[in-house]
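What's in data_10.cif: mmCIF, C-alpha atoms
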data_entry
loop_
_atom_site.label_atom_id
_atom_site.label_comp_id
_atom_site.auth_asym_id
_atom_site.auth_seq_id
_atom_site.Cartn_x
_atom_site.Cartn_y
_atom_site.Cartn_z
CA MET A 21 0.00 0.00 0.00
CA SER A 22 1.65 3.21 -1.16
CA GLU A 23 -1.04 5.56 -2.44
CA LYS A 24 -2.61 8.09 -0.12
CA ARG A 25 -5.94 7.12 1.41
CA ASN A 26 -8.87 9.43 2.15
CA ILE A 27 -10.40 8.12 5.38
CA LEU A 28 -13.68 8.81 7.15
CA VAL A 29 -14.04 7.87 10.83
CA LEU A 30 -17.63 7.72 12.09
CA GLY A 31 -18.45 8.36 15.75
CA THR A 32 -18.37 10.86 18.58
CA GLY A 33 -16.52 9.19 21.44
CA GLY A 34 -13.09 8.78 22.97
CA ARG A 35 -12.58 5.66 20.87
CA GLU A 36 -13.04 7.67 17.69
CA HIS A 37 -10.75 10.48 18.89
CA ALA A 38 -8.06 7.86 19.62
CA LEU A 39 -8.50 6.28 16.17
CA VAL A 40 -8.34 9.69 14.48
CA TRP A 41 -5.21 10.55 16.48
CA LYS A 42 -3.50 7.35 15.38
CA ILE A 43 -4.68 7.50 11.75
CA ALA A 44 -3.47 11.11 11.52
CA GLN A 45 0.09 9.88 12.09
CA SER A 46 0.06 7.65 9.00
CA PRO A 47 2.22 8.60 5.99
CA LEU A 48 -0.42 6.87 3.87
CA LEU A 49 -3.12 9.35 4.86
CA GLY A 50 -4.59 11.75 2.35
CA ALA A 51 -7.61 13.60 3.74
CA LEU A 52 -9.07 12.71 7.14
CA TYR A 53 -12.65 13.29 8.23
CA CYS A 54 -14.44 12.48 11.50
CA ALA A 55 -18.22 12.72 11.65
CA PRO A 56 -19.88 13.87 13.76
CA GLY A 57 -16.71 14.09 15.90
CA ASN A 58 -16.40 15.90 19.21
CA GLY A 59 -14.60 18.80 20.84
CA GLY A 60 -11.21 17.16 20.38
CA THR A 61 -11.33 15.66 16.90
CA ALA A 62 -11.50 18.98 15.01
CA ALA A 63 -7.81 19.60 15.76
CA LEU A 64 -6.90 16.51 13.69
CA ALA A 65 -9.64 16.05 11.10
CA GLU A 66 -12.39 17.84 9.24
CA THR A 67 -15.67 17.28 11.10
CA PRO A 68 -18.59 17.49 8.67
CA THR A 69 -22.19 17.29 9.83
CA LEU A 70 -23.20 13.77 8.88
CA ASP A 71 -25.89 11.49 10.29
CA MET A 72 -24.54 7.95 10.69
CA ALA A 73 -28.10 6.61 10.58
CA ASP A 74 -28.63 8.07 7.10
CA HIS A 75 -26.75 5.52 5.04
CA GLU A 76 -27.47 7.20 1.71
CA ALA A 77 -26.06 10.48 3.05
CA VAL A 78 -22.89 8.70 4.23
CA ILE A 79 -22.48 7.04 0.82
CA ALA A 80 -23.03 10.36 -0.98
CA PHE A 81 -20.41 12.03 1.22
CA CYS A 82 -17.93 9.25 0.53
CA ARG A 83 -18.41 9.60 -3.20
CA ASP A 84 -18.13 13.38 -3.05
CA LYS A 85 -14.90 13.27 -1.05
CA ALA A 86 -13.42 10.19 -2.78
CA ILE A 87 -13.26 8.29 0.51
CA ASP A 88 -11.16 5.12 0.27
CA LEU A 89 -11.95 3.67 3.68
CA VAL A 90 -14.71 4.22 6.24
CA VAL A 91 -13.86 3.28 9.85
CA ILE A 92 -17.13 2.70 11.72
CA GLY A 93 -16.46 3.36 15.40
CA PRO A 94 -19.65 2.64 17.40
CA GLU A 95 -21.87 -0.41 17.43
CA ALA A 96 -25.25 1.03 16.44
CA PRO A 97 -24.43 1.76 12.77
CA LEU A 98 -22.78 -1.65 12.47
CA VAL A 99 -25.86 -3.42 13.79
CA ALA A 100 -27.94 -1.27 11.39
CA GLY A 101 -25.96 -2.64 8.42
CA LEU A 102 -23.94 0.42 7.41
CA ALA A 103 -20.89 -1.67 6.48
CA ASP A 104 -23.04 -3.76 4.11
CA ASP A 105 -24.49 -0.68 2.43
CA LEU A 106 -21.06 0.90 2.01
CA SER A 107 -19.62 -2.31 0.54
CA ALA A 108 -22.57 -2.59 -1.85
CA ALA A 109 -21.74 0.93 -3.01
CA GLY A 110 -18.13 -0.07 -3.65
CA ILE A 111 -16.73 1.73 -0.60
CA ALA A 112 -14.38 -0.19 1.73
CA ALA A 113 -15.59 -0.32 5.32
CA PHE A 114 -13.82 -1.37 8.50
CA GLY A 115 -16.42 -3.19 10.57
CA PRO A 116 -18.65 -6.26 10.34
CA GLY A 117 -21.82 -6.57 8.31
CA LYS A 118 -25.28 -6.49 9.86
CA ILE A 119 -25.58 -10.21 10.57
CA ALA A 120 -22.05 -10.57 11.94
CA ALA A 121 -22.61 -7.49 14.14
CA GLN A 122 -25.39 -9.43 15.88
CA LEU A 123 -22.58 -10.85 18.00
CA GLU A 124 -22.95 -7.55 19.85
CA GLY A 125 -26.44 -6.56 18.77
CA SER A 126 -28.11 -9.57 20.39
CA LYS A 127 -26.77 -11.30 23.48
CA GLY A 128 -29.13 -14.19 22.77
CA TYR A 129 -27.71 -14.59 19.26
CA THR A 130 -24.21 -14.83 20.70
CA LYS A 131 -25.23 -17.33 23.38
CA ASP A 132 -26.91 -19.53 20.77
CA MET A 133 -23.82 -19.30 18.55
CA CYS A 134 -21.66 -20.36 21.51
CA ALA A 135 -23.90 -23.36 22.10
CA GLU A 136 -23.64 -24.33 18.41
CA ALA A 137 -19.83 -23.99 18.35
CA ASP A 138 -19.21 -25.44 21.84
CA ILE A 139 -17.57 -22.19 23.01
CA PRO A 140 -17.11 -21.98 26.80
CA THR A 141 -19.50 -19.43 28.31
CA ALA A 142 -21.98 -19.09 31.16
CA ALA A 143 -25.06 -21.33 31.25
CA TYR A 144 -28.08 -19.29 30.18
CA GLY A 145 -31.75 -18.98 29.33
CA ARG A 146 -33.15 -16.70 26.61
CA PHE A 147 -36.63 -15.21 26.97
CA ASP A 148 -39.06 -12.90 25.19
CA ASN A 149 -41.61 -12.68 28.02
CA ALA A 150 -41.52 -12.11 31.76
CA ALA A 151 -43.49 -15.20 32.80
CA GLU A 152 -41.01 -17.66 31.31
CA ALA A 153 -38.03 -15.66 32.58
CA LEU A 154 -39.44 -15.61 36.11
CA ALA A 155 -40.19 -19.33 35.96
CA TYR A 156 -36.58 -19.95 34.93
CA LEU A 157 -35.35 -17.80 37.83
CA ASP A 158 -37.32 -20.04 40.19
CA THR A 159 -34.94 -22.88 39.22
CA GLN A 160 -31.79 -20.80 39.79
CA SER A 161 -29.93 -19.26 42.73
CA ALA A 162 -28.17 -15.95 43.36
CA PRO A 163 -25.95 -14.29 42.43
CA ILE A 164 -27.22 -14.34 38.86
CA VAL A 165 -26.92 -12.07 35.84
CA VAL A 166 -29.83 -10.56 33.88
CA LYS A 167 -29.07 -8.86 30.55
CA ALA A 168 -31.17 -6.87 28.12
CA ASP A 169 -30.69 -8.63 24.78
CA GLY A 170 -29.97 -5.60 22.60
CA LEU A 171 -27.69 -2.56 22.59
CA ALA A 172 -27.88 -0.66 25.88
CA ALA A 173 -24.64 1.36 25.87
CA GLY A 174 -23.02 -0.98 28.38
CA LYS A 175 -25.76 -0.44 30.97
CA GLY A 176 -28.15 -3.31 30.25
CA VAL A 177 -26.43 -5.83 32.53
CA ILE A 178 -27.70 -6.38 36.07
CA ILE A 179 -25.69 -8.53 38.47
CA ALA A 180 -28.37 -9.59 40.91
CA GLU A 181 -27.10 -10.30 44.42
CA ASP A 182 -30.41 -11.90 45.40
CA MET A 183 -33.38 -13.37 43.58
CA GLN A 184 -35.68 -10.40 44.26
CA MET A 185 -33.17 -8.14 42.56
CA ALA A 186 -33.17 -10.54 39.60
CA ARG A 187 -36.99 -10.49 39.42
CA ASP A 188 -36.94 -6.70 39.58
CA ALA A 189 -34.43 -6.66 36.72
CA VAL A 190 -36.73 -8.80 34.59
CA ALA A 191 -39.61 -6.43 35.32
CA ASP A 192 -37.48 -3.37 34.52
CA ILE A 193 -36.17 -4.76 31.24
CA PHE A 194 -39.54 -5.90 29.94
CA GLY A 195 -41.04 -2.71 31.36
CA GLY A 196 -38.99 -0.60 28.96
CA ALA A 197 -36.06 0.52 31.12
CA PHE A 198 -33.71 -0.08 28.17
CA GLY A 199 -36.11 0.65 25.33
CA ASP A 200 -36.00 -1.65 22.32
CA ALA A 201 -32.91 -3.36 23.75
CA GLY A 202 -35.23 -5.01 26.27
CA ALA A 203 -37.56 -6.77 23.83
CA GLU A 204 -35.79 -9.95 24.91
CA LEU A 205 -33.45 -10.80 27.77
CA VAL A 206 -30.87 -13.36 28.75
CA VAL A 207 -30.44 -14.84 32.23
CA GLU A 208 -26.93 -16.17 32.87
CA GLU A 209 -25.11 -17.96 35.62
CA PHE A 210 -22.76 -15.72 37.57
CA MET A 211 -19.16 -16.54 36.67
CA THR A 212 -16.37 -16.10 39.19
CA GLY A 213 -12.95 -14.89 38.13
CA GLU A 214 -11.16 -11.85 36.77
CA GLU A 215 -12.32 -10.15 33.59
CA ALA A 216 -10.04 -9.26 30.68
CA SER A 217 -10.55 -7.63 27.30
CA PHE A 218 -9.21 -9.49 24.28
CA PHE A 219 -9.11 -7.96 20.79
CA VAL A 220 -8.47 -9.58 17.43
CA LEU A 221 -8.33 -8.09 13.95
CA CYS A 222 -10.41 -10.24 11.59
CA ASP A 223 -10.82 -10.50 7.82
CA GLY A 224 -13.63 -13.07 7.79
CA GLU A 225 -11.32 -16.07 8.00
CA ASN A 226 -8.11 -15.08 9.79
CA ALA A 227 -7.59 -13.35 13.14
CA LEU A 228 -4.62 -11.43 14.48
CA PRO A 229 -4.50 -10.93 18.27
CA LEU A 230 -3.89 -7.35 19.36
CA ALA A 231 -2.33 -6.16 22.62
CA THR A 232 -4.06 -7.21 25.83
CA ALA A 233 -6.04 -4.83 28.01
CA GLN A 234 -8.33 -4.71 31.01
CA ASP A 235 -11.07 -2.21 31.66
CA HIS A 236 -13.05 -1.23 34.74
CA LYS A 237 -16.81 -1.36 34.20
CA ARG A 238 -18.14 -0.44 37.63
CA VAL A 239 -18.54 3.24 38.45
CA GLY A 240 -16.91 3.19 41.88
CA ASP A 241 -13.49 2.46 43.34
CA GLY A 242 -12.90 -1.18 44.15
CA ASP A 243 -15.27 -2.18 41.33
CA THR A 244 -18.38 -1.12 43.21
CA GLY A 245 -21.63 0.43 42.05
CA PRO A 246 -23.52 0.01 38.76
CA ASN A 247 -22.00 -0.97 35.44
CA THR A 248 -20.99 1.79 33.03
CA GLY A 249 -19.61 2.01 29.52
CA GLY A 250 -16.16 1.84 31.17
CA MET A 251 -14.34 4.06 33.69
CA GLY A 252 -10.76 3.36 32.64
CA ALA A 253 -8.41 0.79 31.17
CA TYR A 254 -4.78 -0.26 30.98
CA SER A 255 -2.57 -2.30 28.68
CA PRO A 256 -0.90 -4.76 28.74
CA ALA A 257 -2.79 -7.02 31.12
CA SER A 258 -0.31 -9.58 32.42
CA ILE A 259 -3.13 -11.85 33.51
CA MET A 260 -3.58 -12.68 29.80
CA THR A 261 -0.55 -14.94 29.54
CA PRO A 262 0.66 -16.36 26.20
CA ALA A 263 -0.91 -19.68 27.17
CA LEU A 264 -4.27 -18.03 27.90
CA ILE A 265 -4.10 -16.11 24.62
CA GLU A 266 -3.50 -19.36 22.73
CA GLU A 267 -6.35 -21.09 24.57
CA THR A 268 -8.68 -18.14 23.88
CA MET A 269 -7.83 -18.21 20.18
CA GLN A 270 -8.38 -21.97 19.90
CA ARG A 271 -11.49 -22.36 22.05
CA ILE A 272 -13.29 -19.04 21.51
CA ILE A 273 -12.10 -16.88 18.60
CA GLU A 274 -11.38 -19.46 15.91
CA PRO A 275 -14.65 -21.41 16.44
CA THR A 276 -16.54 -18.11 16.31
CA LEU A 277 -15.01 -17.10 12.97
CA ALA A 278 -15.60 -20.57 11.54
CA THR A 279 -19.23 -20.60 12.69
CA MET A 280 -19.96 -17.10 11.37
CA ALA A 281 -18.41 -17.99 8.01
CA LYS A 282 -20.50 -21.17 7.90
CA ARG A 283 -23.59 -19.05 8.56
CA GLY A 284 -22.73 -16.92 5.54
CA ALA A 285 -21.82 -13.91 7.70
CA PRO A 286 -18.00 -13.80 7.81
CA TYR A 287 -16.75 -11.47 10.52
CA ARG A 288 -14.53 -8.58 9.38
CA GLY A 289 -13.20 -5.79 11.55
CA VAL A 290 -12.14 -5.87 15.16
CA LEU A 291 -13.75 -8.43 17.44
CA TYR A 292 -13.68 -7.67 21.15
CA ALA A 293 -14.12 -10.61 23.47
CA GLY A 294 -14.96 -9.83 27.06
CA LEU A 295 -13.53 -12.79 28.97
CA MET A 296 -13.93 -14.22 32.43
CA LEU A 297 -10.77 -16.02 33.52
CA THR A 298 -12.22 -18.84 35.57
CA PRO A 299 -10.58 -21.82 37.29
CA GLU A 300 -11.83 -23.87 34.31
CA GLY A 301 -10.13 -21.54 31.81
CA PRO A 302 -11.27 -18.50 29.83
CA LYS A 303 -14.99 -18.19 29.18
CA LEU A 304 -16.78 -15.70 26.96
CA VAL A 305 -18.79 -13.05 28.79
CA GLU A 306 -19.81 -11.11 25.69
CA TYR A 307 -18.68 -9.98 22.27
CA ASN A 308 -18.47 -6.43 21.02
CA ALA A 309 -18.30 -5.74 17.30
CA ARG A 310 -15.91 -2.79 17.57
CA PHE A 311 -12.98 -1.47 19.57
CA GLY A 312 -13.73 -1.15 23.26
CA ASP A 313 -14.09 2.31 24.70
CA PRO A 314 -11.89 3.05 26.71
CA GLU A 315 -9.62 0.11 25.73
CA CYS A 316 -9.09 1.55 22.25
CA GLN A 317 -7.38 4.56 23.82
CA VAL A 318 -4.66 2.49 25.49
CA LEU A 319 -4.22 0.26 22.46
CA MET A 320 -3.67 3.27 20.20
CA MET A 321 -1.15 4.71 22.70
CA ARG A 322 0.85 1.47 22.58
CA LEU A 323 0.58 0.67 18.87
CA LYS A 324 3.92 1.40 17.18
CA SER A 325 2.91 0.30 13.68
CA ASP A 326 0.96 2.38 11.19
CA ILE A 327 -2.70 1.57 11.79
CA VAL A 328 -3.94 2.32 8.27
CA PRO A 329 -2.61 -0.88 6.61
CA ALA A 330 -4.16 -2.90 9.46
CA LEU A 331 -7.58 -1.31 9.05
CA GLN A 332 -7.38 -1.77 5.28
CA ALA A 333 -6.30 -5.42 5.64
CA ALA A 334 -9.36 -6.25 7.73
CA ALA A 335 -11.65 -4.53 5.22
CA ASP A 336 -9.96 -6.21 2.23
CA GLY A 337 -9.71 -9.72 3.66
CA SER A 338 -5.94 -9.82 3.93
CA VAL A 339 -5.07 -10.01 7.64
CA LYS A 340 -3.05 -13.21 7.20
CA GLY A 341 0.66 -12.39 7.44
CA LEU A 342 0.04 -8.97 8.98
CA VAL A 343 2.44 -8.08 11.79
CA LEU A 344 1.91 -5.24 14.25
CA ASP A 345 4.58 -3.82 16.55
CA TRP A 346 3.78 -2.48 20.01
CA HIS A 347 5.59 -0.21 22.42
CA ASP A 348 6.90 -2.08 25.47
CA ASP A 349 5.58 0.73 27.67
CA ALA A 350 2.31 0.29 29.52
CA ALA A 351 -0.56 2.68 28.89
CA MET A 352 -3.47 3.77 31.06
CA THR A 353 -6.56 5.85 30.44
CA VAL A 354 -8.75 7.34 33.16
CA VAL A 355 -12.31 8.33 32.28
CA MET A 356 -13.56 11.63 33.63
CA ALA A 357 -17.36 11.50 33.77
CA ALA A 358 -20.09 13.99 34.60
CA ASN A 359 -21.29 13.93 38.21
CA GLY A 360 -24.27 11.58 38.45
CA TYR A 361 -23.17 9.24 35.66
CA PRO A 362 -24.34 6.54 34.88
CA GLY A 363 -27.55 8.14 36.13
CA ALA A 364 -28.77 11.66 35.40
CA TYR A 365 -26.09 14.30 34.83
CA GLU A 366 -25.80 17.93 33.77
CA ASN A 367 -24.77 18.95 30.26
CA GLY A 368 -23.08 22.16 29.20
CA THR A 369 -20.60 22.56 32.05
CA VAL A 370 -17.32 24.24 31.12
CA ILE A 371 -14.03 22.30 31.25
CA GLY A 372 -10.82 24.20 31.94
CA GLY A 373 -7.18 23.35 32.41
CA LEU A 374 -6.80 21.09 29.39
CA ASP A 375 -3.72 23.03 28.29
CA ALA A 376 -2.13 22.30 31.68
CA VAL A 377 -2.01 18.54 31.05
CA ASP A 378 1.56 17.34 30.44
CA ALA A 379 2.31 17.16 26.71
CA ALA A 380 3.49 13.56 27.09
CA SER A 381 -0.07 12.59 28.01
CA MET A 382 -3.06 12.66 25.68
CA VAL A 383 -6.59 13.79 26.53
CA PHE A 384 -9.00 12.00 24.24
CA HIS A 385 -12.35 13.74 24.16
CA ALA A 386 -15.62 11.81 24.35
CA GLY A 387 -18.73 13.76 25.37
CA THR A 388 -17.47 17.26 24.54
CA ALA A 389 -18.19 20.14 22.20
CA GLN A 390 -16.05 23.12 21.26
CA ALA A 391 -17.56 26.59 21.00
CA GLU A 392 -16.38 29.17 18.46
CA ASP A 393 -14.31 30.86 21.15
CA GLY A 394 -12.52 27.58 21.86
CA THR A 395 -14.36 26.82 25.12
CA ILE A 396 -14.83 23.08 25.74
CA THR A 397 -18.10 21.99 27.33
CA ALA A 398 -19.36 18.61 28.53
CA THR A 399 -22.10 17.04 26.41
CA GLY A 400 -22.29 13.48 27.71
CA GLY A 401 -21.82 11.10 30.61
CA ARG A 402 -18.29 9.95 29.87
CA VAL A 403 -16.51 13.14 28.87
CA LEU A 404 -12.70 12.88 28.81
CA ASN A 405 -10.11 10.08 28.67
CA VAL A 406 -6.80 11.14 30.21
CA THR A 407 -4.25 8.74 28.75
CA ALA A 408 -0.54 8.23 29.46
CA ARG A 409 2.29 5.78 28.97
CA GLY A 410 4.92 4.59 31.44
CA LYS A 411 7.53 1.90 31.89
CA THR A 412 5.11 0.16 34.23
CA VAL A 413 1.37 0.34 34.80
CA ALA A 414 2.11 2.12 38.09
CA GLN A 415 4.09 4.81 36.25
CA ALA A 416 1.38 5.16 33.60
CA GLN A 417 -1.19 5.50 36.39
CA ALA A 418 0.80 8.25 38.09
CA SER A 419 1.07 10.21 34.84
CA ALA A 420 -2.60 9.76 33.97
CA TYR A 421 -3.79 10.97 37.37
CA ALA A 422 -1.40 13.93 37.20
CA GLY A 423 -3.22 14.85 34.01
CA VAL A 424 -6.60 14.41 35.68
CA ASP A 425 -5.55 16.67 38.54
CA ALA A 426 -4.47 19.41 36.11
CA ILE A 427 -7.97 19.64 34.63
CA ASP A 428 -10.40 22.16 36.13
CA TRP A 429 -13.85 20.61 35.98
CA PRO A 430 -15.71 20.62 39.33
CA GLN A 431 -18.75 18.98 37.74
CA GLY A 432 -16.79 15.85 36.86
CA PHE A 433 -15.39 12.84 38.71
CA CYS A 434 -13.27 9.76 38.08
CA ARG A 435 -12.29 6.54 39.76
CA ARG A 436 -8.97 6.84 41.57
CA ASP A 437 -7.91 3.19 41.37
CA ILE A 438 -7.74 2.29 37.68
CA GLY A 439 -5.25 -0.55 37.20
CA TYR A 440 -5.13 -1.46 40.89
CA ARG A 441 -5.00 -5.22 40.33
CA GLU A 442 -2.16 -4.97 37.81
CA ILE A 443 -0.21 -2.56 40.04
CA ALA A 444 -0.53 -5.06 42.90
CA ARG A 445 0.80 -7.78 40.60
CA GLU A 446 3.73 -5.54 39.59
CA ALA A 447 4.53 -5.03 43.28
CA GLY A 448 4.36 -8.78 43.89
CA ASP A 449 1.39 -8.49 46.26
#
Structure translated into structure tokens:
Amino acid sequence: MSEKRNILVLGTGGREHALVWKIAQSPLLGALYCAPGNGGTAALAETPTLDMADHEAVIAFCRDKAIDLVVIGPEAPLVAGLADDLSAAGIAAFGPGKIAAQLEGSKGYTKDMCAEADIPTAAYGRFDNAAEALAYLDTQSAPIVVKADGLAAGKGVIIAEDMQMARDAVADIFGGAFGDAGAELVVEEFMTGEEASFFVLCDGENALPLATAQDHKRVGDGDTGPNTGGMGAYSPASIMTPALIEETMQRIIEPTLATMAKRGAPYRGVLYAGLMLTPEGPKLVEYNARFGDPECQVLMMRLKSDIVPALQAAADGSVKGLVLDWHDDAAMTVVMAANGYPGAYENGTVIGGLDAVDAASMVFHAGTAQAEDGTITATGGRVLNVTARGKTVAQAQASAYAGVDAIDWPQGFCRRDIGYREIAREAGD
């Protein structure tokens, strides 16, 4: 690949800012666009007004700007079939087609696929009505997990500590608490172990493992409180040993790709496996059909290779033989969220002090907007991702929190313990 590529990144979050930041470093880049973008992406890319849900408008934009590759960041447009429509229009897209994206779009679809392919995962029941779900609960014991089937921005998972909490979760999901995502639900056994995030680049047949990472889903220190879209992440995660990576590839990833290909829906793009590392070995918690957010931020900080050939290889079906180099340094990202998140929060608060963050760190914007006078305001729940590298996870943590402390945003908060398990392992505790 030698010719310049015009690239469009779709999305508004920290993941998309991190991808834009990395793509912008490529010598293969021609023009770079990010739509709709956020308060941080405009410094690196043109940010046209473009509705991701309007597939014809996206295709027309791509033709007008001679776009060579579209990188679809979030899950919703993938589940809606945008990659299929782009491909049908002759435009290369990084991301799975509509059917393959059901690995994230429907938890029940994924559980049934696991059963078909004998992929280790939690025992489960899948239901489209409350009566049958409640009857199933009567045969189970707590703790137990209740999940809205569809896309719920990382918030549709309830870990029920007792059976009444599980029954309440069933009532909430079928009562509309998660909108259309709750048309069906899955009840799963509670798995014990440590979670890890595992990413592979796929071309429909072949898969290339990426660097390991671990995120922190719960809102509070010590992994307490409700689940969120993610409050921070670090890479590498030493708990994912070479042996565990090999076992995950053989027992989880490769059977998934083979099964999806057999179903006529080959998986292309990045596949994100949320794993539970149990005494019986790694088990699949869930799949996401895109880069994790905030894991993408630490992966992009550690990726030494040019990302553009990798994205193109996945879109073109040529991942086999691809080699990616990574910095030995660790990376950490800390999410700064609006007070009240993941519940109700205030929009429009002003964020100051961004220029005071050490230049060696990177602040990836998520829920932000930039006014004409340059003022940055908060427009979402997860707002900033303060990201840093270090020789160790402990050093990366210290740098990331120094960046957090330089930012003047009284209406925001963060967890203060991101990476605590890995730092304890580094210290030999």
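Here the PyMOL selection byres ((chain A and resi 246-250) around 9) matches the residues Ala173, Gly174, Lys175, Gly176, Val177, Ile178, Ile179, Asp235, His236, Lys237, Arg238, Val239, Gly240, Asp243, Thr244, Gly245, Met251, Gly252, Ala253, Gly312, Asp313, Pro314, Glu315, Val355, Tyr361, Pro362 and Arg402 of chain A.
Among the candidate residues A:Lys411, A:Arg146, A:Arg271, A:Arg288, the one lying nearest to Val339 in chain A is A:Arg288, with distances computed using all atoms listed in the file.
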| message | Suppose a student applies the PyMOL selection byres ((chain A and resi 100) around 12) to this structure; what residues should they get, written as a PyMOL selection string? | response | chain A and resi 72-75+92+94-99+101-106+115-122+124-125+171
Q | Selection: 10 Å around Ala143 in chain A, all atoms listed in the file, excl. self and same-chain fewer than 2 positions, as a PyMOL selection string | A | chain A and resi 131+135+140-141+145+207-211
Selected residues, C-alpha atoms, written as a PDB file, in the frame of the given file, please.
ATOM      1  CA  LYS A 131     -25.230 -17.330  23.380  1.00  0.00           C
ATOM      2  CA  ALA A 135     -23.900 -23.360  22.100  1.00  0.00           C
ATOM      3  CA  PRO A 140     -17.110 -21.980  26.800  1.00  0.00           C
ATOM      4  CA  THR A 141     -19.500 -19.430  28.310  1.00  0.00           C
ATOM      5  CA  GLY A 145     -31.750 -18.980  29.330  1.00  0.00           C
ATOM      6  CA  VAL A 207     -30.440 -14.840  32.230  1.00  0.00           C
ATOM      7  CA  GLU A 208     -26.930 -16.170  32.870  1.00  0.00           C
ATOM      8  CA  GLU A 209     -25.110 -17.960  35.620  1.00  0.00           C
ATOM      9  CA  PHE A 210     -22.760 -15.720  37.570  1.00  0.00           C
ATOM     10  CA  MET A 211     -19.160 -16.540  36.670  1.00  0.00           C
TER      11      MET A 211
END
Can you spell out as a PDB file with C-alpha atoms, in the coordinates of the input the set of residues that the PyMOL selection byres ((chain A and resi 157) around 10) selects in the structure I just provided?
ATOM      1  CA  GLY A 145     -31.750 -18.980  29.330  1.00  0.00           C
ATOM      2  CA  ALA A 151     -43.490 -15.200  32.800  1.00  0.00           C
ATOM      3  CA  GLU A 152     -41.010 -17.660  31.310  1.00  0.00           C
ATOM      4  CA  ALA A 153     -38.030 -15.660  32.580  1.00  0.00           C
ATOM      5  CA  LEU A 154     -39.440 -15.610  36.110  1.00  0.00           C
ATOM      6  CA  ALA A 155     -40.190 -19.330  35.960  1.00  0.00           C
ATOM      7  CA  TYR A 156     -36.580 -19.950  34.930  1.00  0.00           C
ATOM      8  CA  ASP A 158     -37.320 -20.040  40.190  1.00  0.00           C
ATOM      9  CA  THR A 159     -34.940 -22.880  39.220  1.00  0.00           C
ATOM     10  CA  GLN A 160     -31.790 -20.800  39.790  1.00  0.00           C
ATOM     11  CA  SER A 161     -29.930 -19.260  42.730  1.00  0.00           C
ATOM     12  CA  ALA A 162     -28.170 -15.950  43.360  1.00  0.00           C
ATOM     13  CA  ILE A 164     -27.220 -14.340  38.860  1.00  0.00           C
ATOM     14  CA  VAL A 166     -29.830 -10.560  33.880  1.00  0.00           C
ATOM     15  CA  MET A 183     -33.380 -13.370  43.580  1.00  0.00           C
ATOM     16  CA  GLN A 184     -35.680 -10.400  44.260  1.00  0.00           C
ATOM     17  CA  ALA A 186     -33.170 -10.540  39.600  1.00  0.00           C
ATOM     18  CA  ARG A 187     -36.990 -10.490  39.420  1.00  0.00           C
ATOM     19  CA  VAL A 190     -36.730  -8.800  34.590  1.00  0.00           C
ATOM     20  CA  VAL A 207     -30.440 -14.840  32.230  1.00  0.00           C
ATOM     21  CA  GLU A 208     -26.930 -16.170  32.870  1.00  0.00           C
TER      22      GLU A 208
END
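Among the candidate residues A:Ala293, A:Ala414, A:Ala334, A:Leu230, the one lying nearest to Trp346 in chain A is A:Leu230, with distances computed using only C-alpha atoms.
The closest residue to Leu264 in chain A, picked from A:Lys282, A:Arg445, A:Lys303, A:Lys324 and counting all atoms listed in the file, is A:Lys303.
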Range 406-408 of chain A: which residues within 9 Å, counting only C-alpha atoms, same-chain residues fewer than 5 positions away excluded, as a VMD selection string? chain A and resid 317 to 318 321 350 to 356 377 380 to 385 415 to 421 423 to 424
Output for the residues just chosen: C-alpha atoms as a compact mmCIF listing (two decimals), in the frame of the given file:
# COMPACT_ATOMS: atom_id res chain seq x y z
CA GLN A 317 -7.38 4.56 23.82
CA VAL A 318 -4.66 2.49 25.49
CA MET A 321 -1.15 4.71 22.70
CA ALA A 350 2.31 0.29 29.52
CA ALA A 351 -0.56 2.68 28.89
CA MET A 352 -3.47 3.77 31.06
CA THR A 353 -6.56 5.85 30.44
CA VAL A 354 -8.75 7.34 33.16
CA VAL A 355 -12.31 8.33 32.28
CA MET A 356 -13.56 11.63 33.63
CA VAL A 377 -2.01 18.54 31.05
CA ALA A 380 3.49 13.56 27.09
CA SER A 381 -0.07 12.59 28.01
CA MET A 382 -3.06 12.66 25.68
CA VAL A 383 -6.59 13.79 26.53
CA PHE A 384 -9.00 12.00 24.24
CA HIS A 385 -12.35 13.74 24.16
CA GLN A 415 4.09 4.81 36.25
CA ALA A 416 1.38 5.16 33.60
CA GLN A 417 -1.19 5.50 36.39
CA ALA A 418 0.80 8.25 38.09
CA SER A 419 1.07 10.21 34.84
CA ALA A 420 -2.60 9.76 33.97
CA TYR A 421 -3.79 10.97 37.37
CA GLY A 423 -3.22 14.85 34.01
CA VAL A 424 -6.60 14.41 35.68
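Proximity of A:Val78, A:Leu319, A:Ala422, A:Ala444 to Arg35 in chain A, computed with all atoms listed in the file, is greatest for A:Leu319.
From CA of Gly368 in chain A back to CA of Gly400 in chain A, the distance works out to 8.8 Å.
Taking CA of Gln332 in chain A as the reference point, CA of Glu225 in chain A is found at 15.1 Å.
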- Contacts of Ser338 in chain A at 12 Å (all atoms listed in the file; same-chain gap of 4+ positions) as number ranges by chain: A: 221-228, 288-289, 329-334, 342-343
query = If you count only C-alpha atoms, which residues fall within 9 Å of Ala44 in chain A, apart from same-chain ones fewer than 6 positions away, as a PyMOL selection string?
reply = chain A and resi 52+64-65
